[in-house]
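Engineer: Would you mind keeping the following structure in view while I ask a few things?
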Amino acid sequence: MSTVLEKPTNRFPKITEQGLDDLRSRIGVPICDTIEPWNYEATRDAIRHYAHGIGDDNPLWSDPAYAEETKFGGIVALPSFLFTTSRIVSGYCGGLSGGHAMWAGADWTWHKPVLRNDVMTTEA
């Protein structure tokens with residue numbers, strides 16, 4: 001006696017009109033229920049760990065003696081450090097069933113540098 005395995009006919013979820021309508025209903029609605037960010041504060045350790053993690057050894061991010069002699073007067077967070085202050089900006093926002101989340105980029109405008117011990121809050 002042989003057993004025949006049937007191939008599943010619906011291996012992946014499908015994008016439906018209902019799913020699209022649900023997603024459209026979120027336009028303009030604040031995203032409040034998310035994963036906690038990696039950082040709320042730009043501490044010396046947080047800045048250094050992030051910089052070393054991405055392979056950026058600029059002493060402005062990690063050497064207090066060097067940073068003290070710059071126009072900033074101390075440790076500065078590298079611009080992309082702000083990605084650690086919100087999981088939303090890098091794709092933790094949900095989406096369509098059956099559709100892989102894609103991050104297409106971010107558009108930032110910096111009005112001033114993030115300095116050591118600055119505290120950040122974000123909205124999305």
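Letters for chains follow the order of the structure tokens (A, B, ...), residue numbers begin at 1 for each chain, and ligand numbers begin at 1 in the order shown.
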Which residues come within 9 Å of Leu115 of chain A, counting only C-alpha atoms, excluding same-chain residues fewer than 4 positions away, as a count of residues only?

Structural biologist: 7

Engineer: Which is closer to Pro59 of chain A than all the others in A:Ile31, A:Glu123, A:Leu78, A:Trp110, using only C-alpha atoms?

Structural biologist: A:Leu78

Engineer: Take atom CA of Arg44 of chain A and atom CA of Arg116 of chain A and report the distance between them in Å, one decimal.

Structural biologist: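 Here the two named atoms are 6.0 Å from each other.
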
Engineer: Please give the complete set of residues from chain A that DSSP, run on the backbone, assigns to strand (DSSP E or B), formatted as a ChimeraX atom specification.

Structural biologist: /A:41,76,115,119

Engineer: Here is a test: counting only C-alpha atoms, which residue of A:Trp38, A:Trp61, A:Ala124, A:Gly55 is nearest to Phe83 of chain A?

Structural biologist: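 With only C-alpha atoms as the atom set, the closest residue is A:Trp38.
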
Engineer: Go through A:Gly73, A:Leu96, A:Ala106, A:Pro64 one by one, measure the shortest atom-to-atom distance of each to Pro13 of chain A using only C-alpha atoms, and give the residue with the smallest value.

Structural biologist: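 Closest to Pro13 of chain A of all the choices is A:Leu96.
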
Engineer: Write out as a list in words the residues lying within 10 Å of Phe81 of chain A, counting only C-alpha atoms and excluding same-chain residues fewer than 5 positions away.

Structural biologist: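 So the residues in contact are Asn39, Ala42, Ala46, Ile47, Arg48, Tyr50, Ala51, Val76 and Val114 of chain A.
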
Engineer: Tell me, which residues of chain A carry DSSP helix (DSSP H, G or I), written as a PyMOL selection string?

Structural biologist: chain A and resi 17-24+44-53+59-62+64-68+79-85+88-90

Engineer: Please indicate the distance in Å from atom CA of Glu69 of chain A to atom CA of Thr85 of chain A, rounded to one decimal place.

Structural biologist: 27.1 Å

Engineer: Find the residues around Glu17 of chain A up to 12 Å (only C-alpha atoms counted), leave out those fewer than 5 positions away in its own chain, and share them as an NGL selection string.

Structural biologist: :A and (22-24 or 96-97)

Engineer: If you keep N, CA and C atoms, can you produce a file of those selected residues as a short mmCIF file (atom, residue, chain, number, x, y, z; two decimals), in the first residue's frame?

Structural biologist:
data_model
loop_
_atom_site.label_atom_id
_atom_site.label_comp_id
_atom_site.auth_asym_id
_atom_site.auth_seq_id
_atom_site.Cartn_x
_atom_site.Cartn_y
_atom_site.Cartn_z
N ASP A 22 -8.26 47.33 5.02
CA ASP A 22 -7.77 47.46 6.40
C ASP A 22 -6.50 48.31 6.44
N LEU A 23 -5.61 48.07 5.49
CA LEU A 23 -4.36 48.83 5.45
C LEU A 23 -4.63 50.30 5.12
N ARG A 24 -5.53 50.55 4.18
CA ARG A 24 -5.87 51.94 3.83
C ARG A 24 -6.47 52.68 5.01
N LEU A 96 0.43 43.85 4.91
CA LEU A 96 -0.51 42.92 4.29
C LEU A 96 -0.12 41.48 4.57
N SER A 97 -1.13 40.68 4.86
CA SER A 97 -0.91 39.26 5.03
C SER A 97 -0.36 38.70 3.72
#

Engineer: What does the distance between atom CA of Pro30 of chain A and atom CA of Pro113 of chain A come to in Å, to one decimal place?

Structural biologist: 26.0 Å
